[in-house]
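> Here you go, this is final.txt (compact mmCIF, C-alpha atoms and all ligand atoms).
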```txt
# COMPACT_ATOMS: atom_id res chain seq x y z
CA SER J 1 20.74 -14.87 -9.90
CA ARG J 2 20.64 -12.77 -6.76
CA GLU J 3 18.27 -12.53 -3.80
CA ILE J 4 17.89 -10.38 -0.68
CA ARG J 5 17.92 -12.27 2.62
CA LEU J 6 17.01 -11.17 6.11
CA ALA J 7 20.32 -10.87 7.99
CA SER J 8 18.93 -9.73 11.33
CA ARG J 9 15.75 -8.36 12.84
CA PRO J 10 15.52 -4.58 13.27
CA SER J 11 14.90 -2.96 16.59
CA GLY J 12 13.03 0.22 15.71
CA TRP J 13 13.81 1.52 12.24
CA PRO J 14 15.23 -1.05 9.77
CA ILE J 15 18.79 -0.42 8.61
CA PRO J 16 20.66 -1.69 5.52
CA GLU J 17 22.59 -4.16 7.72
CA ASN J 18 19.34 -6.05 8.40
CA PHE J 19 19.55 -7.28 4.78
CA THR J 20 22.16 -9.18 2.73
CA LEU J 21 22.50 -9.65 -1.00
CA ALA J 22 23.28 -13.28 -1.91
CA GLU J 23 24.15 -15.11 -5.13
CA THR J 24 22.13 -18.20 -5.99
CA GLU J 25 21.82 -20.66 -8.87
CA VAL J 26 19.01 -20.01 -11.32
CA PRO J 27 16.62 -22.81 -10.33
CA ALA J 28 15.22 -25.29 -12.86
CA PRO J 29 11.44 -25.67 -13.03
CA GLY J 30 9.99 -29.04 -12.02
CA GLU J 31 6.85 -30.64 -13.42
CA GLY J 32 3.93 -28.19 -13.09
CA GLN J 33 6.27 -25.25 -12.43
CA VAL J 34 7.42 -22.16 -14.26
CA LEU J 35 10.75 -20.34 -14.13
CA VAL J 36 10.17 -16.60 -13.84
CA ARG J 37 12.53 -13.69 -14.30
CA ASN J 38 11.22 -10.92 -12.05
CA LEU J 39 10.78 -7.52 -13.69
CA PHE J 40 9.32 -5.53 -10.76
CA MET J 41 8.96 -6.18 -7.05
CA SER J 42 6.96 -4.38 -4.44
CA VAL J 43 8.12 -2.94 -1.13
CA ASP J 44 5.19 -2.52 1.24
CA PRO J 45 4.69 -1.25 4.79
CA TYR J 46 3.37 -4.64 6.03
CA MET J 47 6.83 -6.11 5.37
CA ARG J 48 8.12 -4.18 8.39
CA GLY J 49 5.87 -6.30 10.61
CA ARG J 50 7.17 -9.47 8.98
CA MET J 51 10.72 -8.53 9.98
CA ASN J 52 9.70 -9.00 13.63
CA ASP J 53 9.57 -12.44 15.16
CA VAL J 54 5.89 -12.27 15.98
CA LYS J 55 2.95 -14.19 14.59
CA SER J 56 0.59 -11.94 12.69
CA TYR J 57 -1.79 -12.44 9.79
CA VAL J 58 1.29 -13.31 7.72
CA PRO J 59 4.20 -15.36 9.10
CA PRO J 60 7.47 -13.54 9.87
CA PHE J 61 10.44 -13.57 7.48
CA ALA J 62 13.11 -16.08 8.55
CA ILE J 63 16.69 -15.02 9.27
CA GLY J 64 19.08 -16.21 6.56
CA LYS J 65 16.22 -16.81 4.12
CA PRO J 66 15.10 -14.59 1.25
CA LEU J 67 12.28 -12.13 1.91
CA ASP J 68 9.17 -12.44 -0.21
CA GLY J 69 6.36 -10.23 -1.44
CA GLY J 70 4.49 -9.12 -4.54
CA ALA J 71 6.32 -9.26 -7.88
CA VAL J 72 5.64 -9.27 -11.61
CA GLY J 73 7.86 -11.30 -13.90
CA GLU J 74 8.23 -12.94 -17.27
CA VAL J 75 8.04 -16.69 -17.69
CA VAL J 76 11.35 -17.84 -19.21
CA ALA J 77 10.67 -21.58 -19.09
CA SER J 78 7.49 -23.50 -18.40
CA ARG J 79 6.69 -27.06 -17.44
CA ALA J 80 3.12 -26.11 -16.53
CA SER J 81 0.15 -26.31 -18.86
CA GLY J 82 -1.38 -22.94 -19.64
CA PHE J 83 1.92 -21.06 -19.23
CA ALA J 84 4.49 -20.36 -21.93
CA ALA J 85 7.76 -18.48 -22.17
CA GLY J 86 6.97 -14.80 -22.64
CA ASP J 87 3.89 -14.81 -20.41
CA PHE J 88 3.77 -12.19 -17.67
CA VAL J 89 2.78 -13.32 -14.19
CA LEU J 90 1.96 -11.77 -10.83
CA HIS J 91 3.10 -13.79 -7.83
CA GLY J 92 4.40 -13.61 -4.27
CA LEU J 93 8.14 -14.32 -4.60
CA GLY J 94 9.77 -10.94 -4.91
CA TRP J 95 13.13 -9.89 -3.42
CA ARG J 96 14.93 -12.14 -5.97
CA GLU J 97 15.81 -11.95 -9.65
CA TYR J 98 14.67 -15.42 -10.71
CA THR J 99 12.24 -17.82 -9.10
CA VAL J 100 10.53 -21.11 -9.69
CA LEU J 101 6.83 -21.31 -8.91
CA GLY J 102 4.02 -23.81 -9.01
CA ALA J 103 1.59 -22.70 -11.69
CA ASP J 104 -1.14 -22.46 -9.04
CA ARG J 105 0.84 -19.67 -7.34
CA ALA J 106 1.16 -17.50 -10.46
CA THR J 107 -1.54 -15.31 -11.99
CA LYS J 108 -1.21 -14.43 -15.66
CA VAL J 109 -1.43 -10.70 -16.37
CA GLU J 110 -1.69 -8.78 -19.63
CA GLU J 111 0.37 -5.80 -20.65
CA LEU J 112 -2.11 -2.94 -21.13
CA PRO J 113 -1.46 -0.04 -23.49
CA GLY J 114 0.20 2.86 -21.68
CA VAL J 115 0.27 1.03 -18.34
CA PRO J 116 3.54 -0.49 -17.05
CA LEU J 117 3.46 -4.05 -15.68
CA SER J 118 4.33 -2.61 -12.27
CA ALA J 119 0.71 -1.38 -12.16
CA TYR J 120 -0.23 -4.89 -10.98
CA LEU J 121 1.66 -4.06 -7.78
CA GLY J 122 -0.19 -0.76 -7.35
CA VAL J 123 -3.09 0.79 -9.22
CA LEU J 124 -4.38 -2.56 -10.51
CA GLY J 125 -3.20 -4.67 -7.59
CA MET J 126 -3.19 -5.16 -3.85
CA PRO J 127 -2.98 -1.46 -2.84
CA ALA J 128 -5.88 -0.55 -5.13
CA LEU J 129 -7.98 -3.39 -3.78
CA THR J 130 -7.15 -2.18 -0.27
CA ALA J 131 -8.38 1.30 -1.15
CA TYR J 132 -11.50 0.00 -2.89
CA VAL J 133 -12.59 -2.47 -0.22
CA GLY J 134 -11.62 -0.23 2.67
CA LEU J 135 -13.53 2.76 1.40
CA LEU J 136 -16.59 1.09 -0.11
CA ASP J 137 -17.12 -2.05 1.97
CA ILE J 138 -15.43 -1.40 5.31
CA ALA J 139 -16.20 2.30 5.73
CA GLY J 140 -19.47 1.94 3.78
CA PHE J 141 -18.84 5.05 1.71
CA GLN J 142 -22.00 6.67 0.32
CA GLU J 143 -22.32 9.37 -2.30
CA GLY J 144 -22.24 12.76 -0.58
CA ASP J 145 -19.92 11.64 2.23
CA ALA J 146 -17.02 13.87 3.26
CA VAL J 147 -13.87 11.73 3.36
CA PHE J 148 -10.52 12.20 5.06
CA VAL J 149 -7.59 9.93 4.18
CA SER J 150 -4.12 9.96 5.73
CA GLY J 151 -1.03 8.74 3.91
CA ALA J 152 -2.87 10.31 1.00
CA ALA J 153 0.05 10.63 -1.41
CA GLY J 154 0.95 6.94 -1.05
CA ALA J 155 -0.17 3.92 -3.05
CA VAL J 156 -3.35 3.19 -1.10
CA GLY J 157 -4.19 6.74 -0.02
CA GLY J 158 -4.00 8.30 -3.49
CA LEU J 159 -6.55 5.78 -4.72
CA VAL J 160 -8.84 6.20 -1.73
CA GLY J 161 -9.11 9.91 -2.45
CA GLN J 162 -9.69 9.43 -6.17
CA ILE J 163 -12.26 6.67 -5.74
CA ALA J 164 -14.11 8.86 -3.23
CA ARG J 165 -14.07 11.78 -5.66
CA LEU J 166 -15.25 9.64 -8.60
CA ARG J 167 -17.99 8.03 -6.49
CA GLY J 168 -19.39 11.43 -5.59
CA ALA J 169 -17.89 12.48 -2.26
CA SER J 170 -18.99 15.91 -1.08
CA ARG J 171 -15.42 16.66 0.05
CA VAL J 172 -12.11 14.79 -0.13
CA VAL J 173 -9.35 15.80 2.27
CA GLY J 174 -5.88 14.27 2.50
CA SER J 175 -2.78 14.57 4.62
CA ALA J 176 0.81 13.88 3.63
CA GLY J 177 4.32 14.67 4.76
CA SER J 178 5.57 17.42 2.42
CA ALA J 179 4.48 20.55 0.57
CA GLU J 180 5.14 18.81 -2.77
CA LYS J 181 2.83 15.96 -1.81
CA VAL J 182 0.13 18.39 -0.70
CA ALA J 183 0.31 20.14 -4.08
CA TYR J 184 0.21 16.76 -5.84
CA LEU J 185 -2.98 15.79 -3.98
CA VAL J 186 -4.83 18.94 -4.91
CA ASP J 187 -3.41 19.61 -8.39
CA GLU J 188 -3.04 16.09 -9.78
CA LEU J 189 -5.38 13.84 -7.83
CA GLY J 190 -8.24 16.33 -7.47
CA PHE J 191 -8.49 16.44 -3.66
CA ASP J 192 -10.57 19.37 -2.39
CA ALA J 193 -8.08 20.13 0.36
CA ALA J 194 -4.85 18.72 1.74
CA PHE J 195 -2.34 19.54 4.47
CA ASN J 196 1.18 18.67 5.52
CA TYR J 197 0.96 16.95 8.90
CA ARG J 198 4.46 18.21 9.73
CA ASP J 199 3.26 21.84 9.51
CA GLY J 200 1.30 21.80 12.76
CA ARG J 201 -1.19 19.86 14.84
CA VAL J 202 -3.27 17.42 12.77
CA ARG J 203 -6.35 18.25 14.84
CA GLU J 204 -6.26 21.92 13.89
CA GLN J 205 -5.27 21.39 10.27
CA LEU J 206 -8.04 18.85 9.78
CA ALA J 207 -10.64 21.12 11.35
CA GLU J 208 -9.60 23.83 8.93
CA ALA J 209 -9.64 21.52 5.89
CA ALA J 210 -12.99 19.90 6.77
CA PRO J 211 -14.82 22.57 8.77
CA ASP J 212 -18.20 20.81 8.43
CA GLY J 213 -16.82 17.51 9.71
CA ILE J 214 -16.18 14.16 8.03
CA ASP J 215 -18.32 11.07 7.49
CA VAL J 216 -15.47 8.68 6.70
CA TYR J 217 -11.87 8.46 7.84
CA PHE J 218 -9.55 6.05 5.99
CA ASP J 219 -6.71 5.51 8.44
CA ASN J 220 -3.29 4.61 7.06
CA VAL J 221 -1.32 6.26 9.84
CA GLY J 222 -2.82 5.84 13.35
CA GLY J 223 -1.52 7.99 16.22
CA ASP J 224 -2.49 11.66 16.26
CA HIS J 225 -4.19 11.31 12.85
CA LEU J 226 -6.70 8.86 14.27
CA GLU J 227 -7.29 11.04 17.30
CA ALA J 228 -7.85 14.09 15.11
CA ALA J 229 -10.26 12.18 12.88
CA ILE J 230 -12.31 10.95 15.84
CA GLY J 231 -12.65 14.57 16.89
CA GLN J 232 -13.82 15.64 13.44
CA LEU J 233 -16.14 12.73 12.61
CA LYS J 234 -19.85 13.45 12.42
CA PRO J 235 -22.42 11.29 14.21
CA TYR J 236 -22.52 7.78 12.71
CA GLY J 237 -19.10 8.38 11.14
CA ARG J 238 -17.09 5.36 10.01
CA VAL J 239 -13.38 4.63 10.15
CA ALA J 240 -11.65 2.04 7.97
CA MET J 241 -8.66 0.97 10.06
CA CYS J 242 -6.25 0.09 7.27
CA GLY J 243 -2.83 0.68 8.80
CA ALA J 244 -0.91 2.61 11.42
CA ILE J 245 2.41 3.38 9.77
CA SER J 246 3.31 6.02 12.36
CA VAL J 247 3.85 3.24 14.90
CA TYR J 248 5.37 0.42 12.80
CA ASN J 249 8.87 1.20 14.05
CA ALA J 250 7.90 1.86 17.66
CA THR J 251 9.70 -0.35 20.18
CA GLU J 252 6.98 -0.03 22.85
CA PRO J 253 3.19 -0.30 22.53
CA VAL J 254 1.77 3.10 21.64
CA PRO J 255 -1.24 4.53 23.53
CA GLY J 256 -4.50 4.82 21.65
CA PRO J 257 -6.48 7.97 20.86
CA ARG J 258 -7.20 9.96 24.04
CA ASN J 259 -10.65 10.91 22.76
CA LEU J 260 -11.85 7.40 21.95
CA GLY J 261 -14.72 7.93 24.39
CA LEU J 262 -16.31 10.20 21.79
CA ALA J 263 -17.08 7.08 19.76
CA VAL J 264 -19.98 6.34 22.10
CA GLY J 265 -21.93 9.58 21.85
CA LYS J 266 -21.15 9.96 18.14
CA ARG J 267 -22.16 6.32 17.44
CA LEU J 268 -18.93 5.79 15.49
CA THR J 269 -17.82 2.59 13.80
CA LEU J 270 -14.09 1.79 13.75
CA ARG J 271 -13.44 -1.31 11.70
CA GLY J 272 -10.16 -3.01 10.85
CA PHE J 273 -9.64 -5.17 7.78
CA ILE J 274 -7.04 -7.16 5.88
CA VAL J 275 -7.18 -6.98 2.10
CA GLY J 276 -6.29 -10.66 1.75
CA ASP J 277 -9.80 -11.54 2.95
CA HIS J 278 -11.42 -9.60 0.12
CA TYR J 279 -10.06 -10.94 -3.17
CA ASP J 280 -13.62 -11.74 -4.23
CA ARG J 281 -13.84 -7.98 -4.91
CA LEU J 282 -10.82 -7.92 -7.25
CA PRO J 283 -12.87 -8.19 -10.48
CA ASP J 284 -15.13 -5.32 -9.36
CA MET J 285 -12.12 -3.18 -8.50
CA ILE J 286 -10.34 -3.93 -11.80
CA ALA J 287 -13.50 -3.17 -13.77
CA GLU J 288 -14.24 0.14 -12.07
CA VAL J 289 -10.71 1.46 -11.49
CA GLY J 290 -9.56 0.11 -14.86
CA ALA J 291 -12.34 2.01 -16.64
CA TRP J 292 -11.54 5.27 -14.83
CA LEU J 293 -7.88 4.77 -15.73
CA GLN J 294 -8.66 4.26 -19.42
CA GLU J 295 -10.99 7.25 -19.46
CA GLY J 296 -8.24 9.38 -17.94
CA ARG J 297 -10.36 10.22 -14.90
CA LEU J 298 -8.01 8.54 -12.43
CA THR J 299 -4.24 8.79 -12.42
CA PHE J 300 -1.45 7.01 -10.61
CA THR J 301 2.16 7.68 -9.83
CA GLU J 302 5.03 5.33 -9.15
CA THR J 303 8.37 5.92 -7.55
CA VAL J 304 10.73 3.48 -9.27
CA VAL J 305 14.07 2.38 -7.83
CA ASP J 306 16.41 0.36 -10.04
CA GLY J 307 18.23 -2.81 -9.08
CA LEU J 308 17.69 -5.61 -6.57
CA GLU J 309 20.68 -4.36 -4.57
CA ASN J 310 18.73 -1.15 -3.89
CA ALA J 311 15.55 -2.89 -2.70
CA PRO J 312 16.37 -2.61 1.03
CA ARG J 313 17.06 1.09 0.59
CA ALA J 314 13.79 1.52 -1.34
CA PHE J 315 11.91 -0.23 1.46
CA ILE J 316 13.47 1.93 4.19
CA ASP J 317 12.97 5.08 2.13
CA MET J 318 9.30 4.19 1.58
CA LEU J 319 8.78 3.93 5.33
CA ARG J 320 10.25 7.43 5.61
CA GLY J 321 8.06 8.88 2.86
CA ALA J 322 10.49 9.12 -0.08
CA ASN J 323 7.78 7.77 -2.40
CA THR J 324 4.93 9.52 -4.12
CA GLY J 325 2.41 6.90 -5.18
CA LYS J 326 3.54 3.27 -5.23
CA MET J 327 7.18 2.46 -4.46
CA VAL J 328 8.42 -0.32 -6.74
CA VAL J 329 11.83 -1.78 -7.52
CA ARG J 330 12.69 -2.53 -11.16
CA LEU J 331 14.77 -5.69 -11.34
CA ALA J 332 15.28 -5.92 -15.09
CA PRO J 333 15.03 -3.41 -17.93
P1 LIG R 401 2.55 4.22 1.02
O1 LIG R 401 2.75 4.21 -0.44
O2 LIG R 401 1.50 5.10 1.59
O3 LIG R 401 3.95 4.48 1.71
C1 LIG R 401 4.06 4.72 3.06
C2 LIG R 401 3.88 6.22 3.37
O4 LIG R 401 3.63 6.38 4.75
C3 LIG R 401 5.11 7.05 3.12
O5 LIG R 401 5.18 7.46 1.78
C4 LIG R 401 4.93 8.22 4.09
O6 LIG R 401 4.38 9.34 3.40
C5 LIG R 401 3.89 7.71 5.09
N1 LIG R 401 4.38 7.80 6.47
C6 LIG R 401 5.50 7.25 6.99
N2 LIG R 401 5.62 7.55 8.30
C7 LIG R 401 4.54 8.32 8.61
C8 LIG R 401 4.09 8.95 9.82
N3 LIG R 401 4.78 8.84 10.97
N4 LIG R 401 2.96 9.66 9.78
C9 LIG R 401 2.26 9.78 8.63
N5 LIG R 401 2.64 9.21 7.47
C10 LIG R 401 3.76 8.48 7.46
O7 LIG R 401 2.22 2.73 1.51
P2 LIG R 401 0.93 1.89 1.14
O8 LIG R 401 0.00 2.72 0.37
O9 LIG R 401 1.37 0.60 0.60
O10 LIG R 401 0.29 1.60 2.58
C11 LIG R 401 -0.43 2.63 3.27
C12 LIG R 401 -1.01 2.06 4.55
O11 LIG R 401 -1.91 1.02 4.24
C13 LIG R 401 0.01 1.44 5.51
O12 LIG R 401 -0.36 1.72 6.82
C14 LIG R 401 -0.11 -0.03 5.22
O13 LIG R 401 0.32 -0.83 6.28
C15 LIG R 401 -1.60 -0.14 4.98
N6 LIG R 401 -2.03 -1.30 4.21
C16 LIG R 401 -2.96 -2.12 4.80
C17 LIG R 401 -3.48 -3.19 4.12
C18 LIG R 401 -4.53 -4.02 4.77
O14 LIG R 401 -4.85 -5.09 4.25
N7 LIG R 401 -5.11 -3.57 5.89
C19 LIG R 401 -3.00 -3.53 2.76
C20 LIG R 401 -2.05 -2.57 2.21
C21 LIG R 401 -1.59 -1.50 2.94
P3 LIG R 401 4.49 10.85 3.97
O15 LIG R 401 5.55 11.52 3.18
O16 LIG R 401 3.13 11.40 3.70
O17 LIG R 401 4.82 10.76 5.43
```
The structure given in the file should be rewritten as structure tokens.

Amino acid sequence: SREIRLASRPSGWPIPENFTLAETEVPAPGEGQVLVRNLFMSVDPYMRGRMNDVKSYVPPFAIGKPLDGGAVGEVVASRASGFAAGDFVLHGLGWREYTVLGADRATKVEELPGVPLSAYLGVLGMPALTAYVGLLDIAGFQEGDAVFVSGAAGAVGGLVGQIARLRGASRVVGSAGSAEKVAYLVDELGFDAAFNYRDGRVREQLAEAAPDGIDVYFDNVGGDHLEAAIGQLKPYGRVAMCGAISVYNATEPVPGPRNLGLAVGKRLTLRGFIVGDHYDRLPDMIAEVGAWLQEGRLTFTETVVDGLENAPRAFIDMLRGANTGKMVVRLAP
């Protein structure tokens, strides 16, 4: 079996040398444990934060130890009641080909017709719950709201826009980093308008795409996107502060929006959240998003990279925007 370990901590952008590929023995399951062969693993933006030696809402990765994160695998041996060889499980020990887990740390998942198991890392998993909770509970989305989402062609953003559309938004606007992604948002995900943030100032492009203003901003990016959104929000507008990927590789603290003072007169709400606090909403999300998926009213895209050895590259490429939809690594055919 093989695993990816943290070799060193990045300063600024991660590089392949921050990771090493190591050979390990396939572990044997103890009492109450299952042995899992991983089929897919997730690479997510939050993992960049875990490469730093700072305490956050998740502990940092340790140098010389394997990284971890969301994965879906097949049970190959079980010494836990309720689990049998051939079961598929979702768990938190990615970045390795085989792993042993306590049964309490594995969630059984079913293979659904026409949906790959990797969906549990995206459209039926953590990113979808992030979109669902952030839009509906944190930003308090209401039918008729005009919504702007950044990082719109990514795993979370693509679902935010579609959930808003399906829940009756008056207008859904997205931003992304290429002309192809902009076309994807409008043509495939049903956004009303989208723009490429590399084409010009976000402030001006947003004003053009949402001339009547926005009620909700779902922030995946931070920086000039957040500033532009504050400028375009209507009175009593709400911001779900989900992420700030534009600053994850910054080596110095980045200044906040220069127009934050507008929040007072506009009576804005800016509210951060961490999806891990909201798993009570998972059944609601699965029911609603799952139904839209089956009815063909909501779609999802994955960018799939093959092979554990390519996981560091997939992670770095995701941070640079190589993915459309969820970036996943396939570890076994
Ligand atoms: P994505 O699938 O959206 O992948 C990351 C994307 O970020 C890239 O594809 C790239 O797209 C975009 N990006 C990179 N650099 C920049 C930049 N400087 N400016 C604008 N866009 C940039 O990842 P996820 O959907 O998994 O995550 C999206 C956001 O949600 C992240 O900020 C993440 O940290 C956050 N998150 C927060 C959670 C929470 O609990 N609060 C849970 C899960 C995710 P492009 O080509 O458009 O630049």
> Show me, as AutoDock Vina command-line options, the centre and edge lengths in Å to one decimal of the axis-aligned box that covers every listed atom of ligand LIG 401 (chain R) with 6 Å on each side.

```
--center_x 0.3 --center_y 3.2 --center_z 5.3 --size_x 22.7 --size_y 28.6 --size_z 23.4
```
> Of the candidates J:Val264, J:Val72, J:Val221, J:Val34, which shows the shortest atom-to-atom distance to ligand LIG 401 (chain R), using only C-alpha atoms and all ligand atoms?
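With only C-alpha atoms and all ligand atoms as the atom set, the closest residue is J:Val221.
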> Between J:Asp224, J:Ala287, J:Leu112, J:Gly272, which residue has the minimum interatomic distance to J:Asn259, considering only C-alpha atoms?
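Looking only at the distances to J:Asn259, the closest residue turns out to be J:Asp224.
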> Compile the contact shell of stretch 78-87 of chain J as a ChimeraX atom specification: residues with an atom at most 10 Å away, counting all atoms listed in the file, same-chain residues fewer than 5 positions apart removed.
/J:28-36,73,100-104,106-111
> Just C-alpha atoms for this one: save the residues we selected as a short mmCIF file (atom, residue, chain, number, x, y, z; two decimals), in the coordinates of the input.

```cif
data_model
loop_
_atom_site.label_atom_id
_atom_site.label_comp_id
_atom_site.auth_asym_id
_atom_site.auth_seq_id
_atom_site.Cartn_x
_atom_site.Cartn_y
_atom_site.Cartn_z
CA ALA J 28 15.22 -25.29 -12.86
CA PRO J 29 11.44 -25.67 -13.03
CA GLY J 30 9.99 -29.04 -12.02
CA GLU J 31 6.85 -30.64 -13.42
CA GLY J 32 3.93 -28.19 -13.09
CA GLN J 33 6.27 -25.25 -12.43
CA VAL J 34 7.42 -22.16 -14.26
CA LEU J 35 10.75 -20.34 -14.13
CA VAL J 36 10.17 -16.60 -13.84
CA GLY J 73 7.86 -11.30 -13.90
CA VAL J 100 10.53 -21.11 -9.69
CA LEU J 101 6.83 -21.31 -8.91
CA GLY J 102 4.02 -23.81 -9.01
CA ALA J 103 1.59 -22.70 -11.69
CA ASP J 104 -1.14 -22.46 -9.04
CA ALA J 106 1.16 -17.50 -10.46
CA THR J 107 -1.54 -15.31 -11.99
CA LYS J 108 -1.21 -14.43 -15.66
CA VAL J 109 -1.43 -10.70 -16.37
CA GLU J 110 -1.69 -8.78 -19.63
CA GLU J 111 0.37 -5.80 -20.65
#
```
> Looking at J:Ala155, J:Val75, J:Ile15, J:Ala244, which one is nearest to J:Met327, with distances taken over only C-alpha atoms?
J:Ala155
> Need the neighbours of (3.3, 18.5, 3.0): which residues are at most 10 Å away, counting all atoms listed in the file, as a PyMOL selection string?
chain J and resi 153+175-185+194-199
> Compile the contact shell of J:Tyr120 as a short mmCIF file (atom, residue, chain, number, x, y, z; two decimals) with C-alpha atoms, in the coordinates of the input: residues with an atom at most 12 Å away, counting all atoms listed in the file, same-chain residues fewer than 5 positions apart removed.

```cif
data_model
loop_
_atom_site.label_atom_id
_atom_site.label_comp_id
_atom_site.auth_asym_id
_atom_site.auth_seq_id
_atom_site.Cartn_x
_atom_site.Cartn_y
_atom_site.Cartn_z
CA LEU J 39 10.78 -7.52 -13.69
CA PHE J 40 9.32 -5.53 -10.76
CA MET J 41 8.96 -6.18 -7.05
CA SER J 42 6.96 -4.38 -4.44
CA GLY J 70 4.49 -9.12 -4.54
CA ALA J 71 6.32 -9.26 -7.88
CA VAL J 72 5.64 -9.27 -11.61
CA GLY J 73 7.86 -11.30 -13.90
CA PHE J 88 3.77 -12.19 -17.67
CA VAL J 89 2.78 -13.32 -14.19
CA LEU J 90 1.96 -11.77 -10.83
CA HIS J 91 3.10 -13.79 -7.83
CA GLY J 92 4.40 -13.61 -4.27
CA THR J 107 -1.54 -15.31 -11.99
CA LYS J 108 -1.21 -14.43 -15.66
CA VAL J 109 -1.43 -10.70 -16.37
CA GLU J 110 -1.69 -8.78 -19.63
CA GLU J 111 0.37 -5.80 -20.65
CA LEU J 112 -2.11 -2.94 -21.13
CA VAL J 115 0.27 1.03 -18.34
CA GLY J 125 -3.20 -4.67 -7.59
CA MET J 126 -3.19 -5.16 -3.85
CA PRO J 127 -2.98 -1.46 -2.84
CA ALA J 128 -5.88 -0.55 -5.13
CA LEU J 129 -7.98 -3.39 -3.78
CA ALA J 155 -0.17 3.92 -3.05
CA LEU J 282 -10.82 -7.92 -7.25
CA ILE J 286 -10.34 -3.93 -11.80
CA GLY J 290 -9.56 0.11 -14.86
CA PHE J 300 -1.45 7.01 -10.61
CA GLU J 302 5.03 5.33 -9.15
CA LYS J 326 3.54 3.27 -5.23
CA VAL J 328 8.42 -0.32 -6.74
#
```
> Could you name the residues that touch J:Ile138 at 12 Å or less, counting all atoms listed in the file, but leaving out those on the same chain fewer than 2 positions away, as a PyMOL selection string?
chain J and resi 129-136+140-142+216-219+237-242+269-275+277-278
> Write out as a ChimeraX atom specification each polymer residue whose atoms come within 10 Å of stretch 170-174 of chain J, counting all atoms listed in the file; drop sequence neighbours fewer than 4 positions from it.
/J:142-153,157-158,160-165,181-182,185-186,190-197,206,209-210,212-218
> Just the residues within 8 Å of J:Val26, please, counting only C-alpha atoms, with nothing from its chain fewer than 2 positions along; format it as an mmCIF file with C-alpha atoms, in the frame of the given file.

```cif
data_model
loop_
_atom_site.group_PDB
_atom_site.id
_atom_site.type_symbol
_atom_site.label_atom_id
_atom_site.label_comp_id
_atom_site.auth_asym_id
_atom_site.auth_seq_id
_atom_site.Cartn_x
_atom_site.Cartn_y
_atom_site.Cartn_z
ATOM 1 C CA SER J 1 20.740 -14.870 -9.900
ATOM 2 C CA THR J 24 22.130 -18.200 -5.990
ATOM 3 C CA ALA J 28 15.220 -25.290 -12.860
ATOM 4 C CA TYR J 98 14.670 -15.420 -10.710
ATOM 5 C CA THR J 99 12.240 -17.820 -9.100
#
```
> Which one of J:Trp292, J:Trp95, J:Tyr236, J:Tyr279 sits closest to ligand LIG 401 (chain R) if you count only C-alpha atoms and all ligand atoms?
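Once distances to ligand LIG 401 (chain R) are computed over only C-alpha atoms and all ligand atoms, the minimum belongs to J:Tyr279.
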> From the options J:Ala77, J:Leu117, J:Leu298, J:Met47, which residue's atoms come nearest to ligand LIG 401 (chain R), counting only C-alpha atoms and all ligand atoms?
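Smallest distance to ligand LIG 401 (chain R) is found for J:Met47.
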> Measuring atom to atom with only C-alpha atoms and all ligand atoms, identify which of J:Gly122, J:Pro283, J:Pro255, J:Pro312 is nearest to ligand LIG 401 (chain R).
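Looking at the shortest contact to ligand LIG 401 (chain R), the residue is J:Gly122.
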> Tell me, in Å to one decimal, how far atom O15 of ligand LIG 401 (chain R) is from atom CA of J:Arg201.
15.8 Å
> At what distance in Å, to one decimal, does atom CA of J:Gln232 lie from atom C9 of ligand LIG 401 (chain R)?
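Answer for the atom C9 of ligand LIG 401 (chain R) to atom CA of J:Gln232 separation: 17.8 Å.
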> Please return stretch 50-58 of chain J, rebuilt to N, CA and C atoms, as a short mmCIF file (atom, residue, chain, number, x, y, z; two decimals), in the frame of the given file.

```cif
data_model
loop_
_atom_site.label_atom_id
_atom_site.label_comp_id
_atom_site.auth_asym_id
_atom_site.auth_seq_id
_atom_site.Cartn_x
_atom_site.Cartn_y
_atom_site.Cartn_z
N ARG J 50 6.66 -8.11 9.22
CA ARG J 50 7.17 -9.47 8.98
C ARG J 50 8.65 -9.60 9.33
N MET J 51 9.31 -8.48 9.55
CA MET J 51 10.72 -8.53 9.98
C MET J 51 10.82 -8.84 11.47
N ASN J 52 9.72 -8.67 12.20
CA ASN J 52 9.70 -9.00 13.63
C ASN J 52 9.38 -10.47 13.80
N ASP J 53 9.84 -11.03 14.91
CA ASP J 53 9.57 -12.44 15.16
C ASP J 53 8.26 -12.59 15.93
N VAL J 54 7.19 -12.12 15.33
CA VAL J 54 5.89 -12.27 15.98
C VAL J 54 4.89 -12.80 14.97
N LYS J 55 4.01 -13.65 15.44
CA LYS J 55 2.95 -14.19 14.59
C LYS J 55 1.95 -13.08 14.31
N SER J 56 1.61 -12.91 13.07
CA SER J 56 0.59 -11.94 12.69
C SER J 56 -0.28 -12.62 11.64
N TYR J 57 -0.97 -11.83 10.83
CA TYR J 57 -1.79 -12.44 9.79
C TYR J 57 -0.95 -12.99 8.65
N VAL J 58 0.34 -12.65 8.62
CA VAL J 58 1.29 -13.31 7.72
C VAL J 58 2.48 -13.75 8.57
#
```
